[in-house]
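Peer 1: Please find model_38.txt (compact mmCIF, C-alpha atoms) on the next line:
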```txt
# COMPACT_ATOMS: atom_id res chain seq x y z
CA ARG M 8 46.81 -7.04 22.16
CA GLU M 9 45.08 -3.98 20.92
CA ILE M 10 42.37 -4.64 18.31
CA GLN M 11 41.78 -2.23 15.50
CA ALA M 12 38.79 -4.04 13.98
CA LEU M 13 37.51 -1.11 11.98
CA ALA M 14 40.61 -1.06 9.78
CA HIS M 15 40.00 -4.52 8.40
CA HIS M 16 36.72 -4.00 6.55
CA ASN M 17 35.66 -1.84 3.64
CA THR M 18 32.21 -0.32 3.78
CA VAL M 19 29.17 -2.50 3.24
CA PHE M 20 28.44 -0.62 0.00
CA SER M 21 31.97 -1.29 -1.30
CA GLN M 22 31.65 -5.01 -0.57
CA LEU M 23 28.34 -5.11 -2.40
CA LEU M 24 29.71 -3.37 -5.51
CA LYS M 25 32.62 -5.82 -5.68
CA LEU M 26 30.09 -8.46 -6.70
CA VAL M 27 29.97 -6.72 -10.09
CA SER M 28 33.00 -7.57 -12.23
CA ARG M 29 34.69 -4.29 -13.19
CA HIS M 30 36.29 -5.89 -16.27
CA GLU M 31 32.89 -7.13 -17.44
CA PHE M 32 31.29 -3.77 -16.68
CA GLU M 33 33.91 -1.76 -18.57
CA THR M 34 33.59 -4.09 -21.56
CA LEU M 35 29.85 -3.47 -21.64
CA ALA M 36 30.41 0.27 -21.14
CA LYS M 37 32.56 0.43 -24.29
CA GLN M 38 29.93 -1.47 -26.28
CA HIS M 39 27.13 0.85 -25.11
CA HIS M 40 28.72 4.26 -25.51
CA GLU M 41 27.71 7.21 -27.67
CA GLY M 42 29.57 10.42 -28.53
CA GLN M 43 32.92 11.57 -27.23
CA ASN M 44 34.83 9.93 -24.41
CA LEU M 45 33.65 10.88 -20.94
CA ARG M 46 36.16 13.11 -19.14
CA ARG M 47 34.66 14.22 -15.83
CA MET M 48 32.90 11.02 -14.79
CA SER M 49 32.66 7.42 -15.95
CA ARG M 50 29.78 5.02 -16.43
CA TRP M 51 30.98 3.20 -13.31
CA SER M 52 30.59 6.43 -11.32
CA GLN M 53 27.08 6.71 -12.70
CA PHE M 54 26.35 3.14 -11.63
CA VAL M 55 27.73 3.78 -8.13
CA ALA M 56 25.69 6.97 -7.72
CA LEU M 57 22.40 5.50 -8.93
CA SER M 58 22.93 2.25 -7.02
CA LEU M 59 23.36 4.39 -3.91
CA ALA M 60 20.05 6.06 -4.73
CA GLN M 61 18.35 2.67 -5.04
CA LEU M 62 19.70 1.21 -1.80
CA SER M 63 19.56 4.31 0.40
CA GLY M 64 16.30 5.83 -0.82
CA ARG M 65 17.80 9.05 -2.23
CA SER M 66 15.22 10.89 -4.29
CA SER M 67 17.07 13.64 -6.19
CA LEU M 68 20.38 14.37 -7.88
CA ARG M 69 21.23 16.91 -5.17
CA ASP M 70 20.51 14.31 -2.50
CA ILE M 71 22.69 11.68 -4.20
CA VAL M 72 25.64 14.04 -4.74
CA SER M 73 25.43 15.38 -1.16
CA ASN M 74 25.47 11.86 0.23
CA LEU M 75 28.51 10.92 -1.86
CA SER M 76 30.30 14.14 -0.89
CA ALA M 77 29.75 13.34 2.78
CA GLN M 78 31.58 10.06 2.18
CA ALA M 79 34.41 11.60 0.11
CA ALA M 80 37.14 9.77 2.07
CA ARG M 81 35.56 6.42 1.17
CA LEU M 82 34.96 6.97 -2.54
CA TYR M 83 38.35 5.47 -3.43
CA HIS M 84 37.19 2.06 -2.24
CA LEU M 85 34.09 2.39 -4.41
CA GLY M 86 36.24 2.87 -7.51
CA THR M 87 34.95 6.36 -8.18
CA GLY M 88 35.84 9.98 -7.57
CA ASN M 89 33.81 13.10 -6.86
CA VAL M 90 30.48 13.19 -8.67
CA THR M 91 28.87 16.51 -9.59
CA ARG M 92 25.20 17.07 -10.19
CA SER M 93 25.67 18.46 -13.70
CA SER M 94 27.93 15.60 -14.82
CA LEU M 95 25.58 12.94 -13.44
CA SER M 96 22.59 14.61 -15.07
CA ARG M 97 24.38 14.84 -18.43
CA VAL M 98 25.41 11.17 -18.41
CA ASN M 99 21.87 10.12 -17.44
CA GLU M 100 20.49 12.08 -20.37
CA SER M 101 22.99 11.14 -23.07
CA GLN M 102 24.53 7.71 -22.45
CA PRO M 103 22.39 4.70 -23.50
CA TYR M 104 20.49 2.85 -20.81
CA THR M 105 21.18 -0.36 -22.76
CA LEU M 106 24.41 -0.77 -20.74
CA TYR M 107 22.36 -1.61 -17.64
CA GLU M 108 19.97 -3.79 -19.61
CA ALA M 109 23.00 -5.83 -20.73
CA LEU M 110 24.39 -5.89 -17.17
CA PHE M 111 21.00 -7.11 -15.95
CA HIS M 112 21.19 -10.16 -18.23
CA LYS M 113 24.75 -10.91 -17.07
CA LEU M 114 23.63 -10.85 -13.43
CA LEU M 115 20.52 -12.86 -14.26
CA SER M 116 22.57 -15.72 -15.71
CA ARG M 117 24.58 -15.83 -12.47
CA CYS M 118 21.41 -15.93 -10.37
CA HIS M 119 19.95 -18.78 -12.40
CA GLY M 120 22.90 -20.96 -11.36
CA VAL M 121 22.14 -20.68 -7.63
CA ALA M 122 18.36 -20.05 -7.52
CA PRO M 123 16.21 -22.59 -5.64
CA LYS M 124 13.54 -24.53 -7.53
CA HIS M 125 9.84 -23.79 -7.31
CA GLY M 126 7.89 -25.72 -4.70
CA PHE M 127 5.83 -27.92 -7.03
CA ARG M 128 6.54 -31.58 -7.71
CA PHE M 129 6.53 -31.27 -11.49
CA GLY M 130 9.80 -30.51 -13.27
CA ASN M 131 8.49 -27.97 -15.80
CA LYS M 132 9.72 -24.38 -15.63
CA LEU M 133 7.03 -22.09 -14.19
CA TYR M 134 6.61 -18.42 -15.12
CA SER M 135 4.11 -15.75 -14.06
CA LEU M 136 3.40 -13.00 -16.56
CA ASP M 137 2.11 -9.55 -15.59
CA SER M 138 2.83 -5.83 -15.75
CA THR M 139 2.77 -2.82 -13.46
CA THR M 140 2.13 0.80 -14.43
CA ILE M 141 4.34 3.60 -13.10
CA ASP M 142 2.49 6.92 -13.18
CA LEU M 143 4.33 10.01 -14.43
CA CYS M 144 3.42 13.68 -14.67
CA LEU M 145 2.74 14.37 -18.34
CA SER M 146 3.94 17.98 -18.14
CA VAL M 147 7.33 16.82 -16.79
CA PHE M 148 7.60 13.65 -18.90
CA PRO M 149 5.90 14.68 -22.20
CA TRP M 150 7.31 11.63 -24.05
CA ALA M 151 5.37 9.22 -21.76
CA LYS M 152 1.86 9.84 -23.12
CA PHE M 153 -0.70 7.50 -21.57
CA ARG M 154 -4.02 9.28 -21.30
CA ARG M 155 -5.18 12.78 -22.09
CA THR M 156 -3.74 14.30 -18.91
CA LYS M 157 -1.57 11.47 -17.59
CA GLY M 158 1.79 9.97 -18.38
CA ALA M 159 3.03 6.47 -17.55
CA VAL M 160 5.45 3.69 -18.36
CA LYS M 161 4.76 -0.01 -18.04
CA VAL M 162 7.15 -2.62 -16.68
CA HIS M 163 6.29 -6.05 -18.08
CA ILE M 164 7.74 -8.97 -16.12
CA GLY M 165 7.98 -12.69 -16.75
CA LEU M 166 8.74 -13.97 -13.25
CA ASP M 167 10.64 -17.25 -13.03
CA HIS M 168 9.35 -19.16 -9.99
CA ASP M 169 12.81 -20.73 -9.59
CA GLY M 170 14.03 -18.10 -7.14
CA LEU M 171 11.30 -15.60 -8.13
CA LEU M 172 13.63 -13.92 -10.61
CA PRO M 173 12.47 -11.40 -13.25
CA SER M 174 13.73 -13.46 -16.20
CA PHE M 175 11.80 -11.46 -18.83
CA VAL M 176 11.69 -7.67 -18.49
CA SER M 177 10.31 -5.19 -21.00
CA ILE M 178 9.73 -1.48 -20.34
CA THR M 179 7.22 0.24 -22.64
CA ASP M 180 4.93 3.24 -22.77
CA GLY M 181 1.75 3.04 -20.73
CA LYS M 182 -0.47 2.38 -23.76
CA LYS M 183 1.18 -0.91 -24.69
CA HIS M 184 -1.25 -3.77 -24.10
CA ASP M 185 -0.06 -6.64 -21.94
CA VAL M 186 -0.77 -9.36 -24.47
CA THR M 187 1.24 -7.51 -27.14
CA ILE M 188 4.37 -8.05 -25.04
CA GLY M 189 3.33 -11.59 -24.17
CA ARG M 190 3.25 -12.59 -27.83
CA VAL M 191 6.92 -11.70 -28.41
CA LEU M 192 8.35 -13.47 -25.35
CA GLU M 193 10.19 -16.72 -26.07
CA PHE M 194 9.45 -19.21 -23.32
CA PRO M 195 11.26 -22.58 -23.30
CA ALA M 196 9.36 -25.67 -24.48
CA ASP M 197 7.45 -27.60 -21.79
CA SER M 198 7.34 -24.54 -19.53
CA ILE M 199 4.12 -23.40 -17.83
CA VAL M 200 3.08 -19.75 -18.13
CA VAL M 201 0.43 -18.45 -15.73
CA MET M 202 -1.34 -15.13 -16.37
CA ASP M 203 -4.54 -13.27 -15.63
CA ARG M 204 -7.44 -12.48 -17.97
CA ALA M 205 -5.71 -9.41 -19.42
CA TYR M 206 -3.65 -11.82 -21.56
CA THR M 207 -6.62 -13.62 -23.08
CA ASP M 208 -5.90 -14.07 -26.78
CA TYR M 209 -7.08 -17.38 -28.27
CA SER M 210 -4.81 -17.16 -31.30
CA TRP M 211 -1.82 -16.69 -28.97
CA PHE M 212 -3.02 -19.61 -26.83
CA ASN M 213 -3.06 -21.73 -29.99
CA ALA M 214 0.47 -20.57 -30.89
CA LEU M 215 1.73 -21.47 -27.40
CA ASN M 216 0.15 -24.90 -27.74
CA ASP M 217 1.87 -25.45 -31.11
CA LYS M 218 5.24 -24.59 -29.50
CA GLY M 219 4.73 -27.12 -26.70
CA ILE M 220 4.26 -24.42 -24.04
CA PHE M 221 1.57 -24.85 -21.38
CA PHE M 222 -0.51 -21.94 -20.09
CA VAL M 223 -2.85 -21.44 -17.14
CA THR M 224 -5.22 -18.49 -17.06
CA ARG M 225 -8.69 -17.47 -15.91
CA GLN M 226 -11.60 -17.82 -18.27
CA LYS M 227 -13.45 -14.67 -19.26
CA ARG M 228 -17.07 -14.50 -18.15
CA ASN M 229 -18.40 -13.92 -21.67
CA ALA M 230 -16.47 -16.84 -23.20
CA THR M 231 -18.54 -19.26 -25.27
CA TYR M 232 -17.60 -22.92 -25.39
CA ARG M 233 -18.89 -26.45 -25.84
CA ILE M 234 -18.18 -29.25 -23.36
CA ILE M 235 -16.96 -32.45 -25.00
CA GLU M 236 -15.81 -34.40 -21.93
CA ARG M 237 -16.27 -34.35 -18.15
CA ARG M 238 -13.91 -35.90 -15.60
CA GLU M 239 -14.49 -36.88 -12.00
CA ILE M 240 -13.43 -34.38 -9.34
CA ILE M 241 -12.70 -34.40 -5.61
CA LYS M 242 -15.18 -31.91 -4.19
CA SER M 243 -13.46 -31.86 -0.78
CA LYS M 244 -10.51 -30.07 -2.46
CA GLY M 245 -12.75 -27.22 -3.62
CA LEU M 246 -13.05 -28.43 -7.23
CA THR M 247 -16.39 -27.91 -8.97
CA CYS M 248 -15.62 -29.25 -12.48
CA ASP M 249 -12.91 -30.66 -14.74
CA GLN M 250 -13.94 -30.47 -18.39
CA THR M 251 -12.54 -30.67 -21.89
CA ILE M 252 -14.03 -27.89 -24.02
CA LEU M 253 -13.88 -26.37 -27.48
CA ILE M 254 -14.12 -22.62 -27.97
CA THR M 255 -17.18 -21.66 -30.04
CA GLY M 256 -18.48 -18.45 -31.57
CA THR M 257 -16.31 -15.88 -33.31
CA LYS M 258 -13.11 -17.12 -31.59
CA ALA M 259 -13.54 -20.75 -32.65
CA LYS M 260 -11.14 -20.49 -35.62
CA SER M 261 -8.50 -18.73 -33.51
CA CYS M 262 -8.15 -21.71 -31.15
CA PRO M 263 -9.42 -24.96 -32.71
CA VAL M 264 -7.63 -27.24 -30.19
CA PRO M 265 -9.38 -28.71 -27.10
CA LEU M 266 -8.77 -26.87 -23.83
CA ARG M 267 -9.22 -27.93 -20.24
CA ARG M 268 -11.65 -25.98 -18.04
CA ILE M 269 -11.34 -26.36 -14.26
CA GLY M 270 -13.74 -24.88 -11.72
CA PHE M 271 -12.53 -24.13 -8.21
CA ARG M 272 -14.21 -22.50 -5.20
CA ASP M 273 -11.88 -20.89 -2.68
CA PRO M 274 -12.82 -22.32 0.76
CA ASP M 275 -11.63 -19.13 2.52
CA THR M 276 -13.48 -16.51 0.47
CA GLY M 277 -16.18 -18.59 -1.21
CA LYS M 278 -15.26 -17.04 -4.57
CA HIS M 279 -15.53 -19.26 -7.64
CA TYR M 280 -12.83 -19.36 -10.32
CA ALA M 281 -12.80 -20.94 -13.77
CA PHE M 282 -9.36 -21.75 -15.18
CA LEU M 283 -8.34 -22.53 -18.76
CA THR M 284 -5.25 -24.56 -19.63
CA ASN M 285 -3.87 -26.80 -22.34
CA ASN M 286 -2.25 -29.08 -19.75
CA PHE M 287 -4.14 -32.37 -19.41
CA HIS M 288 -1.47 -34.20 -17.37
CA LEU M 289 -1.41 -32.41 -14.02
CA ALA M 290 -4.09 -32.87 -11.38
CA ALA M 291 -6.93 -30.35 -11.41
CA LYS M 292 -6.05 -29.11 -7.89
CA THR M 293 -2.44 -28.58 -9.04
CA ILE M 294 -3.69 -26.33 -11.85
CA ALA M 295 -5.63 -24.29 -9.29
CA ASP M 296 -2.53 -24.08 -7.07
CA ILE M 297 -0.43 -22.96 -10.04
CA TYR M 298 -2.77 -20.03 -10.64
CA LYS M 299 -2.72 -19.21 -6.94
CA SER M 300 1.10 -19.02 -7.11
CA ARG M 301 0.70 -16.16 -9.62
CA TRP M 302 0.30 -13.93 -6.57
CA GLN M 303 4.11 -14.03 -6.25
CA ILE M 304 4.45 -11.58 -9.12
CA GLU M 305 2.16 -9.12 -7.33
CA LEU M 306 4.41 -9.42 -4.27
CA PHE M 307 7.43 -8.83 -6.52
CA PHE M 308 5.95 -5.57 -7.84
CA LYS M 309 5.07 -4.51 -4.29
CA CYS M 310 8.63 -5.23 -3.13
CA ILE M 311 10.41 -3.21 -5.81
CA LYS M 312 7.96 -0.30 -5.61
CA GLN M 313 8.23 -0.01 -1.84
CA ASN M 314 11.98 -0.60 -1.47
CA LEU M 315 13.65 0.56 -4.70
CA LYS M 316 13.43 3.89 -6.51
CA ILE M 317 11.19 3.25 -9.51
CA LYS M 318 8.29 5.57 -8.68
CA SER M 319 10.17 8.89 -8.53
CA PHE M 320 12.96 9.74 -10.92
CA VAL M 321 16.10 11.90 -10.86
CA GLY M 322 15.89 12.67 -14.60
CA THR M 323 13.05 13.58 -16.93
CA SER M 324 14.19 12.14 -20.27
CA LYS M 325 13.20 8.67 -21.42
CA ASN M 326 16.81 7.52 -21.28
CA ALA M 327 17.21 8.72 -17.68
CA VAL M 328 14.02 6.96 -16.58
CA MET M 329 14.99 3.72 -18.32
CA THR M 330 18.49 3.92 -16.80
CA GLN M 331 17.07 4.23 -13.30
CA ILE M 332 14.63 1.32 -13.73
CA TRP M 333 17.27 -1.03 -15.17
CA ILE M 334 19.69 -0.19 -12.35
CA ALA M 335 16.89 -0.99 -9.88
CA MET M 336 16.54 -4.40 -11.56
CA CYS M 337 20.32 -4.92 -11.30
CA ALA M 338 20.26 -4.05 -7.58
CA TYR M 339 17.47 -6.58 -7.06
CA LEU M 340 19.51 -9.32 -8.76
CA LEU M 341 22.63 -8.52 -6.71
CA LEU M 342 20.67 -9.02 -3.51
CA ALA M 343 18.99 -12.15 -4.88
CA TRP M 344 22.38 -13.65 -5.74
CA ILE M 345 23.67 -12.98 -2.21
CA LYS M 346 20.51 -14.45 -0.70
CA PHE M 347 20.69 -17.67 -2.75
CA SER M 348 24.44 -18.28 -2.78
CA CYS M 349 24.89 -17.58 0.95
CA GLN M 350 21.55 -19.13 2.00
CA ILE M 351 20.34 -16.05 3.86
CA ASP M 352 16.95 -16.55 5.52
CA ARG M 353 15.90 -12.90 5.44
CA SER M 354 13.53 -11.63 2.77
CA LEU M 355 14.82 -9.24 0.12
CA GLN M 356 12.78 -6.48 1.73
CA GLN M 357 14.52 -7.06 5.08
CA MET M 358 17.91 -7.13 3.34
CA ILE M 359 17.27 -3.79 1.61
CA ARG M 360 16.21 -2.14 4.87
CA LEU M 361 19.34 -3.40 6.62
CA LEU M 362 21.50 -2.01 3.82
CA GLN M 363 19.77 1.38 3.95
CA LEU M 364 20.95 1.82 7.53
CA ASN M 365 24.47 0.40 7.10
CA LEU M 366 25.72 1.22 3.60
CA PHE M 367 28.78 3.16 4.78
CA GLU M 368 29.42 1.20 7.95
CA ARG M 369 32.69 -0.75 8.12
CA ARG M 370 31.16 -4.16 8.74
CA GLU M 371 31.29 -7.48 6.97
CA LEU M 372 28.41 -7.73 4.51
CA LEU M 373 27.34 -11.34 5.05
CA PRO M 374 27.24 -11.31 8.88
CA LEU M 375 25.19 -8.10 8.64
CA LEU M 376 22.62 -9.67 6.32
CA ARG M 377 22.54 -12.88 8.36
CA GLY M 378 21.80 -10.89 11.50
CA ASP M 379 25.01 -11.70 13.37
CA PRO M 380 25.81 -9.28 16.26
CA PRO M 381 28.48 -6.62 15.61
CA GLU M 382 32.06 -7.58 16.39
CA GLN M 383 32.92 -7.13 20.04
CA LEU M 384 36.13 -5.27 20.83
CA ASN M 385 38.44 -6.09 23.74
CA ASN M 386 38.44 -3.90 26.80
CA THR M 387 41.69 -2.35 25.57
CA ILE M 388 40.93 -0.09 22.61
CA HIS M 389 43.28 2.27 20.90
CA PRO M 390 42.40 5.86 21.89
CA GLN M 391 42.10 6.91 18.22
CA LEU M 392 39.16 4.53 17.86
CA CYS M 393 37.32 6.08 20.78
CA LEU M 394 34.80 8.87 20.29
CA LEU M 395 35.90 11.44 22.86
```
What do you get writing this file as structure tokens?
Peer 2:
Amino acid sequence: REIQALAHHNTVFSQLLKLVSRHEFETLAKQHHEGQNLRRMSRWSQFVALSLAQLSGRSSLRDIVSNLSAQAARLYHLGTGNVTRSSLSRVNESQPYTLYEALFHKLLSRCHGVAPKHGFRFGNKLYSLDSTTIDLCLSVFPWAKFRRTKGAVKVHIGLDHDGLLPSFVSITDGKKHDVTIGRVLEFPADSIVVMDRAYTDYSWFNALNDKGIFFVTRQKRNATYRIIERREIIKSKGLTCDQTILITGTKAKSCPVPLRRIGFRDPDTGKHYAFLTNNFHLAAKTIADIYKSRWQIELFFKCIKQNLKIKSFVGTSKNAVMTQIWIAMCAYLLLAWIKFSCQIDRSLQQMIRLLQLNLFERRELLPLLRGDPPEQLNNTIHPQLCLL
């Protein structure tokens, strides 16, 4: 029999978008709407256009619209119609980005249900806390004042090591200090939060301790303290000390509780680290390994900056920039959900690169991401499917 395989699959992009519930999306769109009803394009069309930009690397409104126009016959399956540059620009400027922030949290709750656990033996939740700065041209983005001649926004992330998901996301101006955001985050009790020295705030450390939240960080070089207890260490594991200390000097009143100080020398680089924590139950080497795992958040920032569009923007207003960043976060979660629920071995970076080349191909999404070979057709092929 003749096989017409191409007629049985929607495009890869269409299959990906079907993972977002349209009913749920439209409900959120009504909740996060300002002004008169949209006539020429919908919020879903905006989401489709900007998701295309994220997954295909389009860098301008003209580029996005041209790409959609080239696929005009397939827009019906995406649930959208023709998108014009002026309409897309107007919606980016005027309609609240909070729609995509709300969608992000909906997708995040789905990902939490299928995400794998972190690789440590302890059962506590583990989070890494850090931020990345996105540079902007101050003359083009005058609202994003950072320094005298520079503009910037900061993306603050609390990365859940269960699946390496960005469970806490806050986008601020470039001047916002990291620890200011850290203080307002609500971590669950018994969780472990790992962070670098930029988050050193002894009064905050004391508040975390009162809430039953553990922290692991590096000790500042100018910190003053008094040793009140020393424990035995296994030097073959790179440990140099395991002490109970009290903070002294001007910061003593900010953190009156005992802390644990662990020294560790990296056998590969020879560099010495001193860690501070309020966790006295885990082994000293485990504390050092926890801090080492903080590198995952640096890899997360590298992944989204290299593979998603959060460094160049298609709009200049604050709302347009925030919209684009939140849609990038939503795209990341969609791919994470596919990876976890379908047990795909490829990295998210590999998945994004595959999608960039195949977004409008009529292939099954999961076999594509798994790396299965394309479907083979029989020797007898209908002439209309041949490229003459």
Peer 1: For range 203-219 of chain M, list every protein, DNA or RNA residue within 10 Å, evaluated using only C-alpha atoms, and leave out those in the same chain fewer than 4 positions away; present the list as JSON, numbers by chain.
Peer 2: {"M": [135, 136, 137, 138, 184, 185, 186, 187, 188, 189, 190, 193, 194, 195, 196, 197, 198, 199, 223, 224, 225, 226, 227, 228, 254, 258, 259, 260, 261, 262, 263, 264, 265, 266, 282, 284, 285, 286, 298, 301]}
Peer 1: Can those selected residues be exported to a file as a PDB file, in the frame of the given file so that it contains C-alpha atoms?
Peer 2:
```
ATOM      1  CA  SER M 135       4.110 -15.750 -14.060  1.00  0.00           C
ATOM      2  CA  LEU M 136       3.400 -13.000 -16.560  1.00  0.00           C
ATOM      3  CA  ASP M 137       2.110  -9.550 -15.590  1.00  0.00           C
ATOM      4  CA  SER M 138       2.830  -5.830 -15.750  1.00  0.00           C
ATOM      5  CA  HIS M 184      -1.250  -3.770 -24.100  1.00  0.00           C
ATOM      6  CA  ASP M 185      -0.060  -6.640 -21.940  1.00  0.00           C
ATOM      7  CA  VAL M 186      -0.770  -9.360 -24.470  1.00  0.00           C
ATOM      8  CA  THR M 187       1.240  -7.510 -27.140  1.00  0.00           C
ATOM      9  CA  ILE M 188       4.370  -8.050 -25.040  1.00  0.00           C
ATOM     10  CA  GLY M 189       3.330 -11.590 -24.170  1.00  0.00           C
ATOM     11  CA  ARG M 190       3.250 -12.590 -27.830  1.00  0.00           C
ATOM     12  CA  GLU M 193      10.190 -16.720 -26.070  1.00  0.00           C
ATOM     13  CA  PHE M 194       9.450 -19.210 -23.320  1.00  0.00           C
ATOM     14  CA  PRO M 195      11.260 -22.580 -23.300  1.00  0.00           C
ATOM     15  CA  ALA M 196       9.360 -25.670 -24.480  1.00  0.00           C
ATOM     16  CA  ASP M 197       7.450 -27.600 -21.790  1.00  0.00           C
ATOM     17  CA  SER M 198       7.340 -24.540 -19.530  1.00  0.00           C
ATOM     18  CA  ILE M 199       4.120 -23.400 -17.830  1.00  0.00           C
ATOM     19  CA  VAL M 223      -2.850 -21.440 -17.140  1.00  0.00           C
ATOM     20  CA  THR M 224      -5.220 -18.490 -17.060  1.00  0.00           C
ATOM     21  CA  ARG M 225      -8.690 -17.470 -15.910  1.00  0.00           C
ATOM     22  CA  GLN M 226     -11.600 -17.820 -18.270  1.00  0.00           C
ATOM     23  CA  LYS M 227     -13.450 -14.670 -19.260  1.00  0.00           C
ATOM     24  CA  ARG M 228     -17.070 -14.500 -18.150  1.00  0.00           C
ATOM     25  CA  ILE M 254     -14.120 -22.620 -27.970  1.00  0.00           C
ATOM     26  CA  LYS M 258     -13.110 -17.120 -31.590  1.00  0.00           C
ATOM     27  CA  ALA M 259     -13.540 -20.750 -32.650  1.00  0.00           C
ATOM     28  CA  LYS M 260     -11.140 -20.490 -35.620  1.00  0.00           C
ATOM     29  CA  SER M 261      -8.500 -18.730 -33.510  1.00  0.00           C
ATOM     30  CA  CYS M 262      -8.150 -21.710 -31.150  1.00  0.00           C
ATOM     31  CA  PRO M 263      -9.420 -24.960 -32.710  1.00  0.00           C
ATOM     32  CA  VAL M 264      -7.630 -27.240 -30.190  1.00  0.00           C
ATOM     33  CA  PRO M 265      -9.380 -28.710 -27.100  1.00  0.00           C
ATOM     34  CA  LEU M 266      -8.770 -26.870 -23.830  1.00  0.00           C
ATOM     35  CA  PHE M 282      -9.360 -21.750 -15.180  1.00  0.00           C
ATOM     36  CA  THR M 284      -5.250 -24.560 -19.630  1.00  0.00           C
ATOM     37  CA  ASN M 285      -3.870 -26.800 -22.340  1.00  0.00           C
ATOM     38  CA  ASN M 286      -2.250 -29.080 -19.750  1.00  0.00           C
ATOM     39  CA  TYR M 298      -2.770 -20.030 -10.640  1.00  0.00           C
ATOM     40  CA  ARG M 301       0.700 -16.160  -9.620  1.00  0.00           C
TER      41      ARG M 301
END
```
Peer 1: Taking 3 positions as the minimum chain separation for residues in the same chain, which residues sit within 12 Å of Leu362 in chain M when counting all atoms listed in the file? Answer as a ChimeraX atom specification.
Peer 2: /M:18-23,58-64,314-315,338,342,355-359,365-368,370-373,375-378
Peer 1: What does the distance between CA of Leu145 in chain M and CA of Lys318 in chain M come to in Å, to one decimal place?
Peer 2: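 Atom-to-atom, CA of Leu145 in chain M to CA of Lys318 in chain M, that is 14.2 Å.
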Peer 1: In terms of the shortest atom-to-atom distance over all atoms listed in the file, which of M:Ile220, M:Val321, M:Ala159, M:Leu115 is closest to Ser174 in chain M?
Peer 2: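 Once distances to Ser174 in chain M are computed over all atoms listed in the file, the minimum belongs to M:Leu115.
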Peer 1: What separation in Å, quoted to one decimal, exists between CA of Glu236 in chain M and CA of Val201 in chain M?
Peer 2: 23.6 Å
Peer 1: State, in Å with one decimal place, the distance from CA of Lys316 in chain M to CA of Ala335 in chain M.
Peer 2: 6.9 Å
Peer 1: In terms of the shortest atom-to-atom distance over only C-alpha atoms, which of M:Gln53, M:Ser76, M:Asn89, M:Gln250 is closest to Gln331 in chain M?
Peer 2: M:Gln53
Peer 1: Which is closest to His279 in chain M among M:Val121, M:Ala295, M:Leu95, M:Val72, if we use all atoms listed in the file?
Peer 2: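 Smallest separation from His279 in chain M among the options: M:Ala295.
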